[in-house]
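A quick write-up on the structure given underneath.
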Amino acid sequence: MVTWTLVFEQLLNGVQFGVLLFLLAAGLTLIFGIMDLMNLAHGSLYMLGAYIAATVTHWTDSFLIGLVAALPATLVIGIVVEVLVLRALYRRGHLDQVLATFGLILFFNESVRLIWGPAGIQVPLPDFLNGSVDLFGVPYPMYRVTVIVAGLAVAGFLYWLVVKTRLGMLIRAGASNREMVAALGIDIKLVFTLVFGLGAALAGLAGALVGPIRSVGIGMGENVLILTLVVIVIGGIGSIRGAFVGALLIGVIEILGRAFLSTLFELVLPSNAAETAGPAVASMLIYILMAGVLFFRPQGLFPARTG
Amino acid sequence: MALLNARNLVVLATFALLALAPAYAAWVETPFYLDLGRRMMILAIGALSLNLIMGFGGMISFGHAVYIGIGAYTVGICAFHEVTSGFVQWPLALAISAAVALVFGVISLRTRGVYFIMITLALAQMTFYLGISLDQYGGDDGLTVYAPSDFAGLIDVDDDLSFYYVVFVLLALCLWFSQRLIRSRFGMVLQGARQNEGRMEAIGVPVFRYKLTAFVIAGTMAGLAGALLANHTDFVNPEMAHWTRSGDLIIMVLLGGMGSIAGPIVGAAAFLLLEELLSGVTEYWQVIFGPFLILVVLYARGGILGFLSRKDGGDG
Amino acid sequence: MAEPMMEIRALRKSFGGVVATDDLTLDVGAGELHAVIGPNGAGKTTLISQLSGALMPDSGTIRFDGRDITRMPPYARSRRGLARSFQITSIFPEFTALDNVALAVQAHDGHSFSFFRDVRREARLRDPARAALARVGLEARAEVTARYMSHGEHRQLEIAMALATNPKMLLLDEPMAGMGPEESGLMVDILKGLKGEQTILLIEHDMDAVFRLADRITVLVYGRAIASGAPEEIRASAEVRHAYLGEDETV
């Protein structure tokens with residue numbers, strides 16, 4: 001039976017998943033928007049964040065220390081990658097960027113296998129977050145609430161950063177007119193490196209947060225990467241607002257689709273057909289949504305760049 | 001244009017090696033070489049088809065393995081339902097690949113640049129998940145193809161050697177077809193659209209329908225590679241359509257040299273050889289291959305054939 | 001005069017608040033070389049883009065050869081015999097000059113869904129292409145890859161590509177842009193050779209060339225046609241002097 005409680009709970013799960021996607025999409029869409037760089041390795045930073053947080057959590061018995069350690073670690077890895085590899089790619093075509101960052105994925109996946117072994121890692125829930133809260137009469141896991149709140153806080157922080165600060169001004173200006181920013185005598189390279197580092201740290205944060213919810217494993221980066229790409233395509237490349245709306249949309253649709261589509265189909269189809277069609281369509285739902293959005297708005301919902 | 005320049009020699013040498021591989025495999029009693037050579041040729045057909053749209057048409061599809069997957073699954077599902085006639089299976093594999101390419105092409109060719117890359121990637125992922133959700137055909141685990149495609153005694157796909165030469169001939173046909181295609185009126189439009197799409201429209205060519213046609217042709221050819229692959233491995237699974245397989249195809253095209261018609265064949269051979277060599281060195285061979293790929297992208301744009309002809313490093 | 005080849009009526013186009021084409025009405029007679037001049041930002045390129053179909057006007061109509069083409073896509077206009085050259089060189093850089101022009105011929109020779117015949121052996125494409133190259137003086141450069149040609153040669157190639165489509169009318173967007181005096185002289189000669197047999201709408205900065213070539217001149221300022229007439233009338237017009245030529249001469 002589908003109850004209101006269940007729907008509400010899944011809706012929250014969708015929001016929570018959407019918030020995680022936003023953490024990834026925000027960085028990726030900025031990197032795209034400002035540097036015109038297609039970075040497939042963004043998911044690898046998410047994976048590295050998850051592995052580092054999980055490892056430090058196990059060493060120190062503290063999830064918080066693990067979480068805090070993952071941020072500077074992914075920031076530094078991001079900056080190193082930017083300086084060593086990506087910097088040479090800004091002026092190249094998208095195909096080169098795709099291939100080189102694909103090479104990075106292979107390297108990072110295999111490195112993780114080499115260091116941590118092929119098996120995944122479980123991250124225990126921290127005790128102080130291991131309860132549930134009562135939301136409108138529905139008990140909901142404390143940890144997931146924390147993830148939602150943390151994600152919304154980051155969204156607020158990014159909004160402030162992009163709209164109110166000098167760095168944000170440069171980011172927005174750089175996204176629309178790179179030469180002009182450079183002409184103003186601003187070290188655009190440094191801005192790029194900072195933005196990339198920031199994006200990497202956000203991806204690392206998402207990875208660290210996801211540890212206690214799903215197990216940490218190789219390949220986790222790629223699956224989420226493609227969802228993230230869907231998010232920024234729907235939202236419009238370069239738009240933080242688009243990333244936020246797109247992430248929540250995809251998060252909610254993905255989770256609700258998987259949870260309820262079979263049940264929904266049973267209303268109109270024989271039950272064995274519904275059982276087959278449900279999961280199949282659920283897995284395709286967000287891609288159909290994306291195709292639909294692009295069909296009517298090829299630049300996404302919130303196009304950041306004109307021309 | 002000299003016929004016997006370094007480029008053509010490498011292509012000829014690759015073909016000669018592929019033609020002689022079975023004899024060598026028999027001589028050193030290592031059937032594995034037969035297997036490797038056949039795999040090279042099947043993937044070469046896939047890479048060849050990708051090069052038509054990517055190298056010549058400028059459409060960077062990051063979902064080309066989908067059509068290999070669809071071709072393979074068509075054969076697998078036919079066999080599962082005890083339809084083993086190759087005369088049914090293979091044309092069906094081509095037709096379904098073509099149909100899917102038509103639909104995906106209509107959707108994705110509305111977009112440009114990175115949007116095109118991402119939408120083809122996402123559509124590929126969608127197909128991959130669809131494969132996983134097909135529980136009755138093994139879902140995640142895939143499907144064993146117990147009976148090979150049956151051509152009523154005309155050709156024996158079950159016999160390793162004769163299947164090897166079937167693939168060899170098909171590869172040569174695909175190469176010949178690509179060569180004709182690129183030099184035809186259609187091929188000129190395709191290449192012109194890559195170089196300057198606005199100009200192409202201005203001289204009176206509705207570019208979209210030509211790009212779409214190329215996309216469908218490429219998808220169909222990849223579907224053929226898929227039908228062959230199902231018979232090669234006697235097994236199909238969603239992994240065949242995974243986006244990283246599409247990445248492999250792009251790498252093969254790049255390794256061989258973008259925009260040279262036979263390049264992908266050399267590229268596919270080089271890719272599989274590298275994989276063999278490196279995985280012989282270490283189990284974690286991608287730790288080496290990843291950075292190698294980055295170096296190729298940064299410093300050897302024209303691929304192997306581009307390096308040999310040393311013109312001006314491929315297209316901008 | 002017979003029915004004009006092109007009739008532009010009350011054409012309007014604005015970008016945000018900026019009006020680029022303001023209630024423009026203009027006729028180009030068959031066989032006429034009609035030049036449109038105007039200071040920078042007068043909306044000349046916007047006009048040609050609307051005529052060729054790269055931009056859609058907000059309102060107004062464009063009739064070409066007796067048909068309303070206002071909402072037609074670029075390729076359909078091209079098919080009806082309206083060819084354009086681009087202000088910024090727009091060619092196929094990896095093809096040879098001959099291939100470039102042959103492709104333009106091909107575009108007007110039915111569809112291109114032909115998959116097997118070697119296009120470089122089709123006399124039906126190569127011969128007219130060579131002829132078009134000869135008309136712009138590029139016959140000796142036929143086999144040179146376009147990207148290795150000079151700027152002036154690119155402009156000539158553009159004209160050849162437009163001619164190769166056997167057009168009823170040419171839209172030429174600043175064919176002398178960025179040329180030295182010698183190259184411009186050559187281009188004027190080429191255009192003189194076309195004059196009389198081709199209907200041409202010419203947008204050009206080079207006043208000398210315009211006054212030597214044009215049958216009629218229209219002066220565009222802020223999207224409006226402030227004067228239209230024979231070269232000597234335009235030269236004599238006080239309004240034009242004030243709005244345009246005066247400014248130009250003081251520079």
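Letters A, B, ... go to the chains of the structure tokens in the order shown; residues in each chain start at 1; ligands are counted from 1 in the same order.
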Practice item. For chain A, work out the contacting residues on chain B at 9 Å, counting only C-alpha atoms, and write them as a ChimeraX atom specification. Key: /B:60,107-108,110-115,117-119,121-123,125-127,129-136,244,247,250-251,254,284-298,301,316
May I have the residues from that selection written out with N, CA and C atoms, as a CSV table (one decimal), in the first residue's frame?
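part03.csv written:
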```
chain,number,residue,atom,x,y,z
B,60,ILE,N,30.5,14.6,-32.1
B,60,ILE,CA,31.2,13.8,-31.1
B,60,ILE,C,30.2,13.1,-30.3
B,107,ILE,N,16.7,13.5,-31.6
B,107,ILE,CA,16.7,14.2,-30.3
B,107,ILE,C,18.1,15.0,-30.2
B,108,SER,N,19.2,14.3,-30.4
B,108,SER,CA,20.5,14.9,-30.1
B,108,SER,C,21.0,15.9,-31.1
B,110,ARG,N,19.5,18.2,-32.5
B,110,ARG,CA,19.0,19.5,-32.3
B,110,ARG,C,20.0,20.4,-31.5
B,111,THR,N,20.9,19.7,-30.8
B,111,THR,CA,21.9,20.4,-30.0
B,111,THR,C,23.2,20.5,-30.6
B,112,ARG,N,24.1,21.3,-30.0
B,112,ARG,CA,25.4,21.5,-30.6
B,112,ARG,C,26.5,21.3,-29.5
B,113,GLY,N,27.7,21.1,-29.9
B,113,GLY,CA,28.9,21.2,-29.0
B,113,GLY,C,28.7,20.3,-27.8
B,114,VAL,N,29.0,20.8,-26.6
B,114,VAL,CA,29.0,20.0,-25.4
B,114,VAL,C,27.6,19.4,-25.2
B,115,TYR,N,26.6,20.2,-25.5
B,115,TYR,CA,25.2,19.6,-25.3
B,115,TYR,C,25.1,18.3,-26.1
B,117,ILE,N,27.5,16.2,-27.0
B,117,ILE,CA,28.2,15.2,-26.3
B,117,ILE,C,27.5,14.6,-25.1
B,118,MET,N,26.9,15.6,-24.3
B,118,MET,CA,26.2,15.1,-23.1
B,118,MET,C,24.9,14.4,-23.4
B,119,ILE,N,24.2,14.8,-24.4
B,119,ILE,CA,22.9,14.2,-24.6
B,119,ILE,C,23.1,12.8,-25.2
B,121,LEU,N,25.7,10.9,-24.5
B,121,LEU,CA,26.1,10.2,-23.3
B,121,LEU,C,24.9,9.8,-22.4
B,122,ALA,N,24.0,10.7,-22.2
B,122,ALA,CA,22.9,10.4,-21.3
B,122,ALA,C,21.9,9.4,-22.0
B,123,LEU,N,21.7,9.5,-23.3
B,123,LEU,CA,20.9,8.5,-24.0
B,123,LEU,C,21.5,7.1,-23.9
B,125,GLN,N,23.4,6.1,-21.5
B,125,GLN,CA,23.3,5.6,-20.1
B,125,GLN,C,21.8,5.1,-19.9
B,126,MET,N,20.9,5.8,-20.5
B,126,MET,CA,19.5,5.4,-20.4
B,126,MET,C,19.3,4.0,-21.0
B,127,THR,N,20.0,3.7,-22.2
B,127,THR,CA,19.9,2.4,-22.8
B,127,THR,C,20.5,1.4,-21.9
B,129,TYR,N,20.8,1.4,-18.7
B,129,TYR,CA,19.9,1.0,-17.5
B,129,TYR,C,18.7,0.2,-18.0
B,130,LEU,N,18.2,0.5,-19.2
B,130,LEU,CA,17.1,-0.3,-19.8
B,130,LEU,C,17.6,-1.7,-19.9
B,131,GLY,N,18.8,-2.0,-20.4
B,131,GLY,CA,19.3,-3.3,-20.4
B,131,GLY,C,19.4,-4.0,-19.1
B,132,ILE,N,19.8,-3.2,-18.1
B,132,ILE,CA,19.9,-3.8,-16.7
B,132,ILE,C,18.5,-4.1,-16.2
B,133,SER,N,17.5,-3.4,-16.6
B,133,SER,CA,16.1,-3.6,-16.0
B,133,SER,C,15.4,-4.8,-16.8
B,134,LEU,N,16.0,-5.3,-17.9
B,134,LEU,CA,15.4,-6.4,-18.6
B,134,LEU,C,15.6,-7.7,-17.9
B,135,ASP,N,14.9,-7.9,-16.8
B,135,ASP,CA,15.1,-9.1,-16.0
B,135,ASP,C,15.0,-10.4,-16.7
B,136,GLN,N,14.0,-10.5,-17.6
B,136,GLN,CA,13.9,-11.8,-18.3
B,136,GLN,C,15.0,-12.1,-19.2
B,244,THR,N,31.6,3.8,-20.9
B,244,THR,CA,33.0,3.8,-21.0
B,244,THR,C,33.4,3.0,-22.3
B,247,GLY,N,33.6,5.4,-24.8
B,247,GLY,CA,34.8,6.1,-24.6
B,247,GLY,C,36.0,5.4,-25.3
B,250,ILE,N,36.0,6.0,-29.0
B,250,ILE,CA,36.5,7.3,-29.3
B,250,ILE,C,38.1,7.3,-29.2
B,251,ILE,N,38.6,6.6,-28.2
B,251,ILE,CA,40.0,6.4,-28.1
B,251,ILE,C,40.6,5.7,-29.3
B,254,LEU,N,40.8,8.1,-32.1
B,254,LEU,CA,41.9,9.1,-31.9
B,254,LEU,C,43.2,8.5,-32.1
B,284,TYR,N,47.0,-3.6,-12.7
B,284,TYR,CA,46.4,-2.2,-12.7
B,284,TYR,C,46.8,-1.4,-13.9
B,285,TRP,N,46.6,-2.0,-15.1
B,285,TRP,CA,47.2,-1.4,-16.3
B,285,TRP,C,46.6,0.0,-16.6
B,286,GLN,N,45.4,0.3,-16.1
B,286,GLN,CA,44.8,1.6,-16.5
B,286,GLN,C,45.5,2.7,-15.7
B,287,VAL,N,46.3,2.4,-14.7
B,287,VAL,CA,47.1,3.5,-14.0
B,287,VAL,C,48.1,4.0,-15.0
B,288,ILE,N,48.5,3.1,-16.0
B,288,ILE,CA,49.5,3.6,-17.0
B,288,ILE,C,48.7,4.1,-18.2
B,289,PHE,N,47.6,3.4,-18.6
B,289,PHE,CA,46.9,3.8,-19.8
B,289,PHE,C,46.2,5.2,-19.7
B,290,GLY,N,45.7,5.5,-18.5
B,290,GLY,CA,45.1,6.8,-18.3
B,290,GLY,C,46.0,7.9,-18.6
B,291,PRO,N,47.1,8.0,-18.0
B,291,PRO,CA,48.1,9.1,-18.3
B,291,PRO,C,48.6,9.0,-19.7
B,292,PHE,N,48.8,7.8,-20.3
B,292,PHE,CA,49.2,7.6,-21.7
B,292,PHE,C,48.2,8.3,-22.6
B,293,LEU,N,46.9,8.1,-22.3
B,293,LEU,CA,45.8,8.7,-23.1
B,293,LEU,C,45.9,10.3,-23.0
B,294,ILE,N,46.2,10.8,-21.8
B,294,ILE,CA,46.3,12.2,-21.7
B,294,ILE,C,47.5,12.7,-22.5
B,295,LEU,N,48.6,12.0,-22.5
B,295,LEU,CA,49.7,12.4,-23.2
B,295,LEU,C,49.4,12.4,-24.7
B,296,VAL,N,48.7,11.4,-25.2
B,296,VAL,CA,48.4,11.4,-26.6
B,296,VAL,C,47.5,12.6,-27.0
B,297,VAL,N,46.5,12.9,-26.1
B,297,VAL,CA,45.7,14.0,-26.4
B,297,VAL,C,46.5,15.3,-26.4
B,298,LEU,N,47.4,15.4,-25.5
B,298,LEU,CA,48.1,16.7,-25.4
B,298,LEU,C,49.2,16.8,-26.5
B,301,ARG,N,48.0,14.7,-31.4
B,301,ARG,CA,46.7,14.8,-31.9
B,301,ARG,C,46.3,14.0,-33.1
B,316,GLY,N,41.2,21.3,-36.7
B,316,GLY,CA,41.2,22.2,-35.5
B,316,GLY,C,40.0,21.9,-34.7
```
Point to revise | All residues 9 Å or closer to Ile45 in chain B, only C-alpha atoms, same chain fewer than 2 positions away omitted, as a ChimeraX atom specification | key: /B:40-43,47-50,170-171,174-175,221-222,224-225,264-265,268
Output N, CA and C atoms of each residue in that selection to a file, as a compact mmCIF listing (two decimals), in the first residue's frame.
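Produced file part_4.txt, reproduced below:
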```txt
# COMPACT_ATOMS: atom_id res chain seq x y z
N MET B 40 39.61 -7.46 -32.46
CA MET B 40 40.13 -6.22 -33.04
C MET B 40 39.29 -5.80 -34.23
N MET B 41 39.00 -6.75 -35.10
CA MET B 41 38.29 -6.41 -36.33
C MET B 41 36.86 -5.99 -36.04
N ILE B 42 36.23 -6.67 -35.08
CA ILE B 42 34.85 -6.31 -34.76
C ILE B 42 34.79 -4.89 -34.19
N LEU B 43 35.71 -4.61 -33.26
CA LEU B 43 35.72 -3.26 -32.69
C LEU B 43 36.15 -2.25 -33.75
N ALA B 47 34.57 1.29 -34.56
CA ALA B 47 35.32 2.54 -34.58
C ALA B 47 35.23 3.22 -35.94
N LEU B 48 35.25 2.40 -36.98
CA LEU B 48 35.10 2.92 -38.35
C LEU B 48 33.79 3.69 -38.47
N SER B 49 32.73 3.11 -37.93
CA SER B 49 31.43 3.76 -38.03
C SER B 49 31.40 5.04 -37.22
N LEU B 50 32.03 5.03 -36.05
CA LEU B 50 32.06 6.25 -35.24
C LEU B 50 32.83 7.35 -35.97
N LEU B 170 33.86 -8.66 -43.83
CA LEU B 170 32.92 -7.59 -43.50
C LEU B 170 33.65 -6.29 -43.17
N LEU B 171 34.78 -6.43 -42.48
CA LEU B 171 35.56 -5.23 -42.16
C LEU B 171 36.04 -4.56 -43.45
N CYS B 174 33.21 -2.80 -45.03
CA CYS B 174 32.86 -1.56 -44.33
C CYS B 174 33.86 -0.46 -44.67
N LEU B 175 35.13 -0.84 -44.78
CA LEU B 175 36.15 0.15 -45.13
C LEU B 175 35.89 0.68 -46.54
N MET B 221 26.01 0.52 -38.88
CA MET B 221 27.28 -0.19 -39.01
C MET B 221 27.74 -0.70 -37.64
N ALA B 222 27.54 0.12 -36.62
CA ALA B 222 27.88 -0.32 -35.27
C ALA B 222 27.00 -1.48 -34.85
N LEU B 224 25.97 -3.80 -36.78
CA LEU B 224 26.60 -4.98 -37.38
C LEU B 224 27.74 -5.47 -36.48
N ALA B 225 28.55 -4.53 -36.01
CA ALA B 225 29.63 -4.92 -35.10
C ALA B 225 29.06 -5.63 -33.88
N PRO B 264 40.76 4.28 -37.89
CA PRO B 264 40.17 3.56 -36.77
C PRO B 264 40.56 2.08 -36.73
N ILE B 265 40.86 1.50 -37.90
CA ILE B 265 41.25 0.08 -37.90
C ILE B 265 42.60 -0.07 -37.22
N ALA B 268 42.00 0.62 -33.49
CA ALA B 268 41.40 -0.49 -32.73
C ALA B 268 42.46 -1.54 -32.45
```
Practice item. Write down as a PyMOL selection string the residues of range 70-201 of chain A whose backbone DSSP state falls under helix (DSSP H, G or I). Key: chain A and resi 70-84+86-89+94-116+127-129+142-164+166-176+178-183+188-201
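Atom pair CA of Ser184 in chain B / CA of Arg120 in chain C: separated by 8.2 Å.
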Shell of 10 Å around Asp58 in chain C, only C-alpha atoms, local chain residues under 5 positions omitted, as a PDB file with N, CA and C atoms, in the first residue's frame:
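Result file is around.pdb:
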```pdb
ATOM      1  N   LEU C  11      10.414  46.865 -43.385  1.00  0.00           N
ATOM      2  CA  LEU C  11      11.139  45.864 -42.602  1.00  0.00           C
ATOM      3  C   LEU C  11      11.602  46.450 -41.274  1.00  0.00           C
ATOM      4  N   ARG C  12      11.342  45.704 -40.203  1.00  0.00           N
ATOM      5  CA  ARG C  12      11.763  46.144 -38.864  1.00  0.00           C
ATOM      6  C   ARG C  12      12.459  45.014 -38.139  1.00  0.00           C
ATOM      7  N   LYS C  13      13.543  45.379 -37.427  1.00  0.00           N
ATOM      8  CA  LYS C  13      14.190  44.393 -36.557  1.00  0.00           C
ATOM      9  C   LYS C  13      14.822  45.153 -35.410  1.00  0.00           C
ATOM     10  N   SER C  14      14.532  44.714 -34.191  1.00  0.00           N
ATOM     11  CA  SER C  14      15.222  45.344 -33.062  1.00  0.00           C
ATOM     12  C   SER C  14      15.803  44.277 -32.159  1.00  0.00           C
ATOM     13  N   PHE C  15      16.896  44.637 -31.508  1.00  0.00           N
ATOM     14  CA  PHE C  15      17.536  43.752 -30.521  1.00  0.00           C
ATOM     15  C   PHE C  15      17.381  44.434 -29.175  1.00  0.00           C
ATOM     16  N   THR C  21      16.910  47.729 -37.806  1.00  0.00           N
ATOM     17  CA  THR C  21      16.298  48.005 -39.103  1.00  0.00           C
ATOM     18  C   THR C  21      14.984  48.702 -38.809  1.00  0.00           C
ATOM     19  N   GLN C  50      18.915  39.447 -42.654  1.00  0.00           N
ATOM     20  CA  GLN C  50      17.471  39.225 -42.799  1.00  0.00           C
ATOM     21  C   GLN C  50      17.133  38.827 -44.230  1.00  0.00           C
TER      22      GLN C  50
END
```
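The gap separating CA of Ala202 in chain B from CA of Ser78 in chain C is 6.4 Å, in Å to one decimal.
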Practice item. Report the distance between CA of Arg214 in chain A and CA of Thr263 in chain A in Å, rounded to one decimal place. Key: 24.8 Å
Practice item. Extract the full set of strand (DSSP E) residues from range 60-153 of chain A according to DSSP on the backbone, and format it as JSON, numbers by chain. Key: {"A": [132, 133, 134, 135, 138, 139, 140, 141]}
Selection above as a file: N, CA and C atoms, as a short mmCIF file (atom, residue, chain, number, x, y, z; two decimals), in the first residue's frame:
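Dumped to again.cif:
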```
data_model
loop_
_atom_site.label_atom_id
_atom_site.label_comp_id
_atom_site.auth_asym_id
_atom_site.auth_seq_id
_atom_site.Cartn_x
_atom_site.Cartn_y
_atom_site.Cartn_z
N SER A 132 16.21 9.63 14.54
CA SER A 132 15.32 10.19 13.54
C SER A 132 14.60 11.39 14.14
N VAL A 133 14.19 12.25 13.27
CA VAL A 133 13.45 13.43 13.70
C VAL A 133 12.03 13.31 13.23
N ASP A 134 11.16 13.99 13.89
CA ASP A 134 9.76 13.95 13.54
C ASP A 134 9.44 15.14 12.65
N LEU A 135 9.13 14.83 11.37
CA LEU A 135 8.78 15.91 10.44
C LEU A 135 7.31 15.76 10.07
N VAL A 138 5.97 12.45 10.57
CA VAL A 138 6.64 11.33 9.93
C VAL A 138 8.07 11.25 10.47
N PRO A 139 8.46 10.09 11.01
CA PRO A 139 9.84 9.97 11.48
C PRO A 139 10.78 9.89 10.28
N TYR A 140 11.85 10.68 10.32
CA TYR A 140 12.77 10.71 9.18
C TYR A 140 14.19 10.71 9.71
N PRO A 141 15.09 9.92 9.07
CA PRO A 141 16.45 9.79 9.62
C PRO A 141 17.14 11.14 9.79
#
```
Non-local contacts of range 144-147 of chain B (9 Å; only C-alpha atoms; under 3 positions in same chain excluded) as a CSV table (one decimal) with C-alpha atoms, in the first residue's frame:
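This is the output file around-v2.csv:
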```
chain,number,residue,atom,x,y,z
B,75,VAL,CA,21.1,-11.5,-31.7
B,76,GLY,CA,21.0,-12.6,-28.1
B,77,ILE,CA,17.3,-12.1,-27.6
B,79,ALA,CA,18.6,-16.8,-29.9
B,80,PHE,CA,16.9,-16.8,-26.5
B,82,GLU,CA,15.1,-19.8,-30.5
B,84,THR,CA,18.7,-18.7,-34.7
B,138,GLY,CA,19.3,-11.6,-17.5
B,150,ASP,CA,22.8,-20.0,-38.4
B,158,ASP,CA,30.4,-21.5,-35.1
B,230,ALA,CA,27.4,-11.5,-29.8
B,231,ASN,CA,28.7,-14.4,-31.9
B,233,THR,CA,31.7,-13.8,-27.2
B,234,ASP,CA,28.6,-16.1,-27.2
B,235,PHE,CA,27.3,-13.7,-24.6
B,236,VAL,CA,25.7,-10.3,-24.3
B,237,ASN,CA,25.4,-8.0,-21.3
```
Review point. Can you list, as a ChimeraX atom specification, every protein, DNA or RNA residue that comes within 12 Å of Glu122 in chain C when you count only C-alpha atoms, leaving out same-chain residues fewer than 6 positions away?
Key: /B:183-185 /C:99,102-103,105-106,109,114,116,128-129
Residues of the last selection are to be written out with C-alpha atoms, as a PDB file, in the first residue's frame.
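Wrote it out as out03.pdb, contents follow:
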```
ATOM      1  CA  ARG B 183      34.191  10.768 -51.465  1.00  0.00           C
ATOM      2  CA  SER B 184      30.574  10.984 -52.595  1.00  0.00           C
ATOM      3  CA  ARG B 185      28.303  14.010 -52.726  1.00  0.00           C
TER       4      ARG B 185
ATOM      5  CA  ASP C  99      36.077  21.537 -53.958  1.00  0.00           C
ATOM      6  CA  ALA C 102      31.999  22.345 -56.607  1.00  0.00           C
ATOM      7  CA  LEU C 103      30.190  21.889 -53.308  1.00  0.00           C
ATOM      8  CA  VAL C 105      27.342  23.695 -57.471  1.00  0.00           C
ATOM      9  CA  GLN C 106      26.338  20.398 -55.910  1.00  0.00           C
ATOM     10  CA  ASP C 109      21.998  20.224 -58.340  1.00  0.00           C
ATOM     11  CA  SER C 114      24.294  10.130 -53.419  1.00  0.00           C
ATOM     12  CA  PHE C 116      28.828   5.986 -54.042  1.00  0.00           C
ATOM     13  CA  PRO C 128      30.760  24.750 -63.721  1.00  0.00           C
ATOM     14  CA  ALA C 129      33.003  25.079 -60.658  1.00  0.00           C
TER      15      ALA C 129
END
```
Once you count only C-alpha atoms, what closest atom pair and distance in Å to one decimal does each residue of chain C within 7 Å of chain B have, with rows by chain and rising residue number, as JSON lines?
```
{"residue": "C:Pro74", "atom": "CA", "partner": "B:Ala202", "partner_atom": "CA", "distance": 5.7}
{"residue": "C:Tyr75", "atom": "CA", "partner": "B:Gly204", "partner_atom": "CA", "distance": 3.8}
{"residue": "C:Ala76", "atom": "CA", "partner": "B:Gly204", "partner_atom": "CA", "distance": 6.4}
{"residue": "C:Ser78", "atom": "CA", "partner": "B:Gly204", "partner_atom": "CA", "distance": 4.8}
{"residue": "C:Arg79", "atom": "CA", "partner": "B:Gly204", "partner_atom": "CA", "distance": 5.5}
{"residue": "C:Ala83", "atom": "CA", "partner": "B:Ile203", "partner_atom": "CA", "distance": 7.0}
{"residue": "C:Ser90", "atom": "CA", "partner": "B:Arg199", "partner_atom": "CA", "distance": 6.2}
{"residue": "C:Ile91", "atom": "CA", "partner": "B:Arg199", "partner_atom": "CA", "distance": 6.7}
{"residue": "C:Phe92", "atom": "CA", "partner": "B:Gln195", "partner_atom": "CA", "distance": 5.7}
{"residue": "C:Pro93", "atom": "CA", "partner": "B:Gln195", "partner_atom": "CA", "distance": 6.9}
{"residue": "C:Ala104", "atom": "CA", "partner": "B:Ile203", "partner_atom": "CA", "distance": 5.8}
{"residue": "C:Ala107", "atom": "CA", "partner": "B:Gly204", "partner_atom": "CA", "distance": 5.6}
{"residue": "C:His108", "atom": "CA", "partner": "B:Gly204", "partner_atom": "CA", "distance": 6.8}
{"residue": "C:Ser112", "atom": "CA", "partner": "B:Phe186", "partner_atom": "CA", "distance": 5.3}
{"residue": "C:Phe113", "atom": "CA", "partner": "B:Phe186", "partner_atom": "CA", "distance": 5.5}
{"residue": "C:Ser114", "atom": "CA", "partner": "B:Phe186", "partner_atom": "CA", "distance": 5.6}
{"residue": "C:Phe115", "atom": "CA", "partner": "B:Leu181", "partner_atom": "CA", "distance": 5.0}
{"residue": "C:Phe116", "atom": "CA", "partner": "B:Arg180", "partner_atom": "CA", "distance": 5.2}
{"residue": "C:Arg117", "atom": "CA", "partner": "B:Ser184", "partner_atom": "CA", "distance": 5.3}
{"residue": "C:Asp118", "atom": "CA", "partner": "B:Ser184", "partner_atom": "CA", "distance": 4.9}
{"residue": "C:Val119", "atom": "CA", "partner": "B:Ser184", "partner_atom": "CA", "distance": 5.0}
```
Practice item. Mind checking which residues fall within 12 Å of Met72 in chain C, counting only C-alpha atoms, ignoring those fewer than 5 positions away in the same chain, and posting them as a PyMOL selection string? Key: (chain B and resi 204) or (chain C and resi 50-57+61-64+67+77-80+82)
Practice item. Tell me, as a VMD selection string, which residues lie within 12 Å of Phe17 in chain A, counting only C-alpha atoms; anything in the same chain fewer than 2 positions away does not count. Key: chain A and resid 10 to 15 19 to 24 144 to 145 147 to 148 151 206 to 207 209 to 210 213 to 214 224 227 to 228 244 246 to 256
